[in-house]
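Enquirer: My structure is below; once you've seen it, I'll send some questions.
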Amino acid sequence: NDVDLSLVGTFVGDTVNVSMLTFYYSRSLREYRDEENQSITNLFLLRSDHTSSWMGARFSQNYDTGLQQFSMGSTLELRQIEGSPNLGRRRYVIGSVWAKEELVLSDIITIAAFGRYDQYLRKNYTGVGADANVRLFDGLSVFAGGSQSRRMPTYQELYWRDSAVTR
């Protein structure tokens, strides 16, 4: 199940400079069944339902002057496992901010720098990078970039204790 409501406007004065505020909610139900409706029995009757949801708000702003294109945004999200026989009930808040500055040096060359900061489970995760695009001629460009970031752990990495899951 997914629901979202987006408010879009041009509050900075130009129709290219779009502001967007989105509220969203999503819910997921994953069901696992190993039931005895088979001709050969395995002696197991297993039902395992995992219900999770996430909701939040996201704001983004673009600012374009022709020589540069700046975009920034932030997200505040509540992630929760509403019920799971494997993980129980969990509830966490994630906060994020990001920005990207793109400079149009000429009709041929564009360079960009970007960064991101996330906070999850009282830990900080950052990412930075840069890229460049060179247009050789109409229809052919060369693009190169690099970035470094820290990834947030998944629920499996945080809570499943098994020799097959390591972090």
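Here's how to read the names in the structure tokens: chain A, B, ... by the order shown, residue numbers from 1 in each chain, ligand numbers from 1 in the order shown.
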With a distance cut-off of 9 Å and only C-alpha atoms, select the neighbouring residues of segment 67-71 of chain A, excluding the residue or stretch itself and same-chain residues fewer than 3 positions from it, and output the selection as a list in words.
Expert: Ser60, Gln61, Asn62, Tyr63, Asp64, Trp98, Ala99, Lys100, Glu101, Glu102, Leu103, Val104, Leu105 and Ser106 of chain A
Enquirer: So which residues touch segment 139-150 of chain A within 9 Å, counting only C-alpha atoms, skipping near sequence neighbours fewer than 3 positions away, as a list in words?
Expert: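 Skipping anything fewer than 3 positions along the chain leaves Ile108, Ala112, Phe114, Arg116, Asn124, Tyr125, Thr126, Gly127, Val128, Gly129, Ala130, Asp131, Ala132, Asn133, Val134, Arg135 and Leu136 of chain A.
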Enquirer: Pick out the residues sitting within 7 Å of segment 79-90 of chain A, and hand them over as a ChimeraX atom specification; count only C-alpha atoms, and ignore anything fewer than 3 positions along from it in its own chain.
Expert: /A:48-55,93,159
Enquirer: Since we have the selection now, will you write its residues out, keeping all heavy atoms, as an mmCIF file, in the first residue's frame?
Expert:
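Here's the written file result.cif:
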```
data_model
loop_
_atom_site.group_PDB
_atom_site.id
_atom_site.type_symbol
_atom_site.label_atom_id
_atom_site.label_comp_id
_atom_site.auth_asym_id
_atom_site.auth_seq_id
_atom_site.Cartn_x
_atom_site.Cartn_y
_atom_site.Cartn_z
ATOM 1 N N SER A 48 4.813 -17.423 8.699
ATOM 2 C CA SER A 48 5.636 -16.315 9.160
ATOM 3 C C SER A 48 5.275 -15.070 8.353
ATOM 4 O O SER A 48 5.528 -15.013 7.155
ATOM 5 C CB SER A 48 7.119 -16.662 8.977
ATOM 6 O OG SER A 48 7.929 -15.597 9.394
ATOM 7 N N ASP A 49 4.686 -14.089 9.019
ATOM 8 C CA ASP A 49 4.302 -12.833 8.372
ATOM 9 C C ASP A 49 5.197 -11.708 8.885
ATOM 10 O O ASP A 49 5.437 -11.594 10.088
ATOM 11 C CB ASP A 49 2.843 -12.482 8.669
ATOM 12 C CG ASP A 49 1.885 -13.494 8.069
ATOM 13 O OD1 ASP A 49 2.316 -14.270 7.207
ATOM 14 O OD2 ASP A 49 0.710 -13.501 8.476
ATOM 15 N N HIS A 50 5.648 -10.905 7.968
ATOM 16 C CA HIS A 50 6.525 -9.772 8.290
ATOM 17 C C HIS A 50 5.846 -8.504 7.750
ATOM 18 O O HIS A 50 5.707 -8.342 6.540
ATOM 19 C CB HIS A 50 7.897 -9.985 7.639
ATOM 20 C CG HIS A 50 8.862 -8.877 7.869
ATOM 21 N ND1 HIS A 50 9.768 -8.894 8.905
ATOM 22 C CD2 HIS A 50 9.062 -7.727 7.212
ATOM 23 C CE1 HIS A 50 10.493 -7.794 8.861
ATOM 24 N NE2 HIS A 50 10.081 -7.076 7.838
ATOM 25 N N THR A 51 5.417 -7.620 8.644
ATOM 26 C CA THR A 51 4.750 -6.384 8.256
ATOM 27 C C THR A 51 5.659 -5.205 8.589
ATOM 28 O O THR A 51 6.118 -5.061 9.716
ATOM 29 C CB THR A 51 3.416 -6.213 9.007
ATOM 30 O OG1 THR A 51 2.618 -7.372 8.790
ATOM 31 C CG2 THR A 51 2.675 -4.989 8.514
ATOM 32 N N SER A 52 5.929 -4.378 7.592
ATOM 33 C CA SER A 52 6.754 -3.195 7.808
ATOM 34 C C SER A 52 6.103 -1.986 7.138
ATOM 35 O O SER A 52 5.273 -2.130 6.239
ATOM 36 C CB SER A 52 8.171 -3.418 7.269
ATOM 37 O OG SER A 52 8.134 -3.700 5.894
ATOM 38 N N SER A 53 6.503 -0.794 7.598
ATOM 39 C CA SER A 53 5.986 0.436 7.003
ATOM 40 C C SER A 53 7.031 1.531 7.132
ATOM 41 O O SER A 53 7.941 1.450 7.953
ATOM 42 C CB SER A 53 4.678 0.867 7.677
ATOM 43 O OG SER A 53 4.908 1.251 9.007
ATOM 44 N N TRP A 54 6.892 2.534 6.299
ATOM 45 C CA TRP A 54 7.742 3.713 6.367
ATOM 46 C C TRP A 54 6.909 4.901 5.946
ATOM 47 O O TRP A 54 6.082 4.820 5.062
ATOM 48 C CB TRP A 54 9.010 3.555 5.540
ATOM 49 C CG TRP A 54 8.822 3.082 4.138
ATOM 50 C CD1 TRP A 54 8.820 3.837 3.008
ATOM 51 C CD2 TRP A 54 8.586 1.730 3.704
ATOM 52 N NE1 TRP A 54 8.602 3.045 1.900
ATOM 53 C CE2 TRP A 54 8.461 1.740 2.307
ATOM 54 C CE3 TRP A 54 8.462 0.509 4.365
ATOM 55 C CZ2 TRP A 54 8.214 0.599 1.559
ATOM 56 C CZ3 TRP A 54 8.224 -0.630 3.607
ATOM 57 C CH2 TRP A 54 8.115 -0.567 2.230
ATOM 58 N N MET A 55 7.121 5.999 6.656
ATOM 59 C CA MET A 55 6.396 7.233 6.350
ATOM 60 C C MET A 55 7.315 8.403 6.618
ATOM 61 O O MET A 55 8.255 8.297 7.405
ATOM 62 C CB MET A 55 5.130 7.329 7.188
ATOM 63 C CG MET A 55 5.365 7.516 8.664
ATOM 64 S SD MET A 55 3.843 7.551 9.591
ATOM 65 C CE MET A 55 3.802 5.876 10.156
ATOM 66 N N VAL A 93 13.915 6.393 13.365
ATOM 67 C CA VAL A 93 13.799 7.621 12.582
ATOM 68 C C VAL A 93 15.122 7.846 11.854
ATOM 69 O O VAL A 93 16.191 7.666 12.427
ATOM 70 C CB VAL A 93 13.478 8.822 13.490
ATOM 71 C CG1 VAL A 93 13.493 10.117 12.701
ATOM 72 C CG2 VAL A 93 12.141 8.620 14.181
ATOM 73 N N TYR A 159 20.056 -7.344 12.980
ATOM 74 C CA TYR A 159 19.382 -8.185 13.962
ATOM 75 C C TYR A 159 19.450 -9.684 13.717
ATOM 76 O O TYR A 159 19.225 -10.450 14.637
ATOM 77 C CB TYR A 159 17.909 -7.762 14.068
ATOM 78 C CG TYR A 159 17.784 -6.322 14.453
ATOM 79 C CD1 TYR A 159 17.280 -5.392 13.560
ATOM 80 C CD2 TYR A 159 18.198 -5.873 15.691
ATOM 81 C CE1 TYR A 159 17.180 -4.060 13.910
ATOM 82 C CE2 TYR A 159 18.114 -4.549 16.044
ATOM 83 C CZ TYR A 159 17.596 -3.644 15.153
ATOM 84 O OH TYR A 159 17.514 -2.337 15.494
#
```
Enquirer: List every residue of segment 57-109 of chain A that DSSP, applied to the backbone of this structure, places in strand (DSSP E), and write the result as a PyMOL selection string.
Expert: chain A and resi 57-64+68-83+90-104+109
Enquirer: Write the residues of the preceding selection, restricted to N, CA, C and O atoms, as a short mmCIF file (atom, residue, chain, number, x, y, z; two decimals), in the first residue's frame.
Expert:
```cif
data_model
loop_
_atom_site.label_atom_id
_atom_site.label_comp_id
_atom_site.auth_asym_id
_atom_site.auth_seq_id
_atom_site.Cartn_x
_atom_site.Cartn_y
_atom_site.Cartn_z
N ALA A 57 8.45 12.78 5.33
CA ALA A 57 8.31 14.00 4.54
C ALA A 57 9.64 14.28 3.85
O ALA A 57 10.71 14.05 4.43
N ARG A 58 9.56 14.75 2.61
CA ARG A 58 10.75 15.07 1.83
C ARG A 58 10.58 16.46 1.23
O ARG A 58 9.54 16.75 0.62
N PHE A 59 11.60 17.30 1.40
CA PHE A 59 11.60 18.63 0.79
C PHE A 59 12.77 18.71 -0.18
O PHE A 59 13.87 18.26 0.12
N SER A 60 12.53 19.30 -1.35
CA SER A 60 13.62 19.54 -2.30
C SER A 60 13.43 20.90 -2.96
O SER A 60 12.32 21.38 -3.13
N GLN A 61 14.57 21.51 -3.31
CA GLN A 61 14.57 22.82 -3.94
C GLN A 61 15.62 22.83 -5.04
O GLN A 61 16.75 22.41 -4.83
N ASN A 62 15.24 23.29 -6.23
CA ASN A 62 16.17 23.49 -7.34
C ASN A 62 16.36 24.98 -7.55
O ASN A 62 15.41 25.76 -7.41
N TYR A 63 17.58 25.37 -7.92
CA TYR A 63 17.87 26.76 -8.24
C TYR A 63 18.80 26.77 -9.44
O TYR A 63 19.93 26.29 -9.38
N ASP A 64 18.33 27.30 -10.56
CA ASP A 64 19.04 27.25 -11.83
C ASP A 64 19.23 28.68 -12.35
O ASP A 64 18.26 29.42 -12.51
N GLN A 68 24.82 27.73 -13.55
CA GLN A 68 24.92 26.72 -12.50
C GLN A 68 23.53 26.19 -12.17
O GLN A 68 22.53 26.87 -12.40
N GLN A 69 23.51 24.97 -11.67
CA GLN A 69 22.26 24.34 -11.25
C GLN A 69 22.49 23.78 -9.86
O GLN A 69 23.32 22.89 -9.68
N PHE A 70 21.78 24.30 -8.87
CA PHE A 70 21.93 23.87 -7.49
C PHE A 70 20.65 23.16 -7.06
O PHE A 70 19.55 23.65 -7.33
N SER A 71 20.81 22.02 -6.42
CA SER A 71 19.66 21.33 -5.86
C SER A 71 20.01 20.87 -4.45
O SER A 71 21.16 20.52 -4.17
N MET A 72 19.02 20.91 -3.58
CA MET A 72 19.21 20.51 -2.20
C MET A 72 17.92 19.92 -1.67
O MET A 72 16.84 20.11 -2.26
N GLY A 73 18.03 19.19 -0.59
CA GLY A 73 16.83 18.62 -0.02
C GLY A 73 17.09 17.99 1.33
O GLY A 73 18.22 17.90 1.80
N SER A 74 16.00 17.56 1.94
CA SER A 74 16.08 16.88 3.22
C SER A 74 14.90 15.92 3.34
O SER A 74 13.87 16.10 2.71
N THR A 75 15.09 14.89 4.16
CA THR A 75 14.07 13.89 4.40
C THR A 75 14.05 13.55 5.88
O THR A 75 15.10 13.45 6.52
N LEU A 76 12.87 13.38 6.41
CA LEU A 76 12.68 12.86 7.76
C LEU A 76 11.73 11.68 7.62
O LEU A 76 10.62 11.84 7.13
N GLU A 77 12.21 10.48 8.00
CA GLU A 77 11.44 9.27 7.74
C GLU A 77 11.38 8.39 8.98
O GLU A 77 12.37 8.22 9.68
N LEU A 78 10.20 7.83 9.22
CA LEU A 78 9.99 6.85 10.28
C LEU A 78 9.88 5.49 9.62
O LEU A 78 8.98 5.26 8.82
N ARG A 79 10.81 4.58 9.96
CA ARG A 79 10.78 3.21 9.45
C ARG A 79 10.41 2.30 10.61
O ARG A 79 10.97 2.43 11.70
N GLN A 80 9.51 1.37 10.36
CA GLN A 80 9.14 0.47 11.44
C GLN A 80 8.79 -0.92 10.93
O GLN A 80 8.27 -1.09 9.85
N ILE A 81 9.13 -1.89 11.76
CA ILE A 81 8.66 -3.25 11.58
C ILE A 81 7.50 -3.38 12.55
O ILE A 81 7.67 -3.31 13.76
N GLU A 82 6.32 -3.51 11.99
CA GLU A 82 5.12 -3.53 12.82
C GLU A 82 4.91 -4.89 13.47
O GLU A 82 4.31 -4.99 14.52
N GLY A 83 5.39 -5.92 12.82
CA GLY A 83 5.29 -7.26 13.39
C GLY A 83 6.10 -8.24 12.59
O GLY A 83 6.05 -8.25 11.37
N ARG A 90 10.13 -3.07 15.71
CA ARG A 90 11.23 -2.09 15.68
C ARG A 90 10.68 -0.78 15.12
O ARG A 90 9.79 -0.78 14.27
N ARG A 91 11.29 0.33 15.56
CA ARG A 91 10.84 1.64 15.11
C ARG A 91 12.02 2.61 15.16
O ARG A 91 12.60 2.79 16.23
N TYR A 92 12.36 3.21 14.02
CA TYR A 92 13.51 4.10 13.95
C TYR A 92 13.22 5.30 13.06
O TYR A 92 12.45 5.22 12.12
N VAL A 93 13.92 6.39 13.37
CA VAL A 93 13.80 7.62 12.58
C VAL A 93 15.12 7.85 11.85
O VAL A 93 16.19 7.67 12.43
N ILE A 94 15.02 8.22 10.59
CA ILE A 94 16.19 8.55 9.77
C ILE A 94 16.05 9.99 9.29
O ILE A 94 15.00 10.38 8.77
N GLY A 95 17.10 10.75 9.45
CA GLY A 95 17.13 12.12 8.95
C GLY A 95 18.23 12.25 7.91
O GLY A 95 19.32 11.70 8.08
N SER A 96 17.96 12.96 6.81
CA SER A 96 18.92 13.11 5.72
C SER A 96 18.89 14.52 5.17
O SER A 96 17.83 15.14 5.10
N VAL A 97 20.05 14.99 4.74
CA VAL A 97 20.16 16.24 3.96
C VAL A 97 21.16 15.99 2.83
O VAL A 97 22.08 15.19 2.98
N TRP A 98 20.95 16.64 1.70
CA TRP A 98 21.85 16.47 0.57
C TRP A 98 21.85 17.73 -0.27
O TRP A 98 20.93 18.56 -0.19
N ALA A 99 22.90 17.86 -1.08
CA ALA A 99 23.01 19.01 -1.99
C ALA A 99 23.90 18.63 -3.17
O ALA A 99 24.77 17.76 -3.05
N LYS A 100 23.64 19.28 -4.30
CA LYS A 100 24.46 19.09 -5.51
C LYS A 100 24.60 20.42 -6.21
O LYS A 100 23.61 21.12 -6.44
N GLU A 101 25.82 20.78 -6.54
CA GLU A 101 26.11 21.99 -7.30
C GLU A 101 26.72 21.58 -8.64
O GLU A 101 27.72 20.85 -8.68
N GLU A 102 26.09 22.03 -9.72
CA GLU A 102 26.55 21.69 -11.07
C GLU A 102 26.89 22.98 -11.79
O GLU A 102 26.06 23.89 -11.89
N LEU A 103 28.12 23.08 -12.28
CA LEU A 103 28.58 24.27 -12.99
C LEU A 103 28.66 23.98 -14.49
O LEU A 103 29.29 23.01 -14.91
N VAL A 104 28.03 24.83 -15.27
CA VAL A 104 28.06 24.72 -16.73
C VAL A 104 29.19 25.63 -17.20
O VAL A 104 29.01 26.85 -17.31
N ILE A 109 31.43 21.47 -21.52
CA ILE A 109 31.90 20.91 -20.25
C ILE A 109 30.99 21.31 -19.08
O ILE A 109 30.67 22.48 -18.92
#
```
Enquirer: As an exercise, work out the distance from atom CA of Val3 of chain A to atom CA of Gln119 of chain A in Å and give it to one decimal place.
Expert: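 If I compute the distance from atom CA of Val3 of chain A to atom CA of Gln119 of chain A, I get 24.6 Å.
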Enquirer: When you count only C-alpha atoms, which of these residues is closest to Ser26 of chain A: A:Thr10, A:Asn1, A:Thr154, A:Ile111?
Expert: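 Comparing A:Thr10, A:Asn1, A:Thr154, A:Ile111 against Ser26 of chain A, the winner is A:Asn1.
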Enquirer: With distances taken over only C-alpha atoms, which residue among A:Gly56, A:Gly66, A:Tyr32, A:Asp118 lies nearest Ser6 of chain A?
Expert: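 For Ser6 of chain A, the nearest of the given residues is A:Gly56.
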Enquirer: Hey, can you check how far atom CA of Glu31 of chain A sits from atom CA of Gln156 of chain A?
Expert: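 It comes out at 16.7 Å.
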Enquirer: Report as a ChimeraX atom specification: the residues of chain A with a DSSP assignment of alpha helix (DSSP H), based on the backbone of this structure.
Expert: /A:155-159
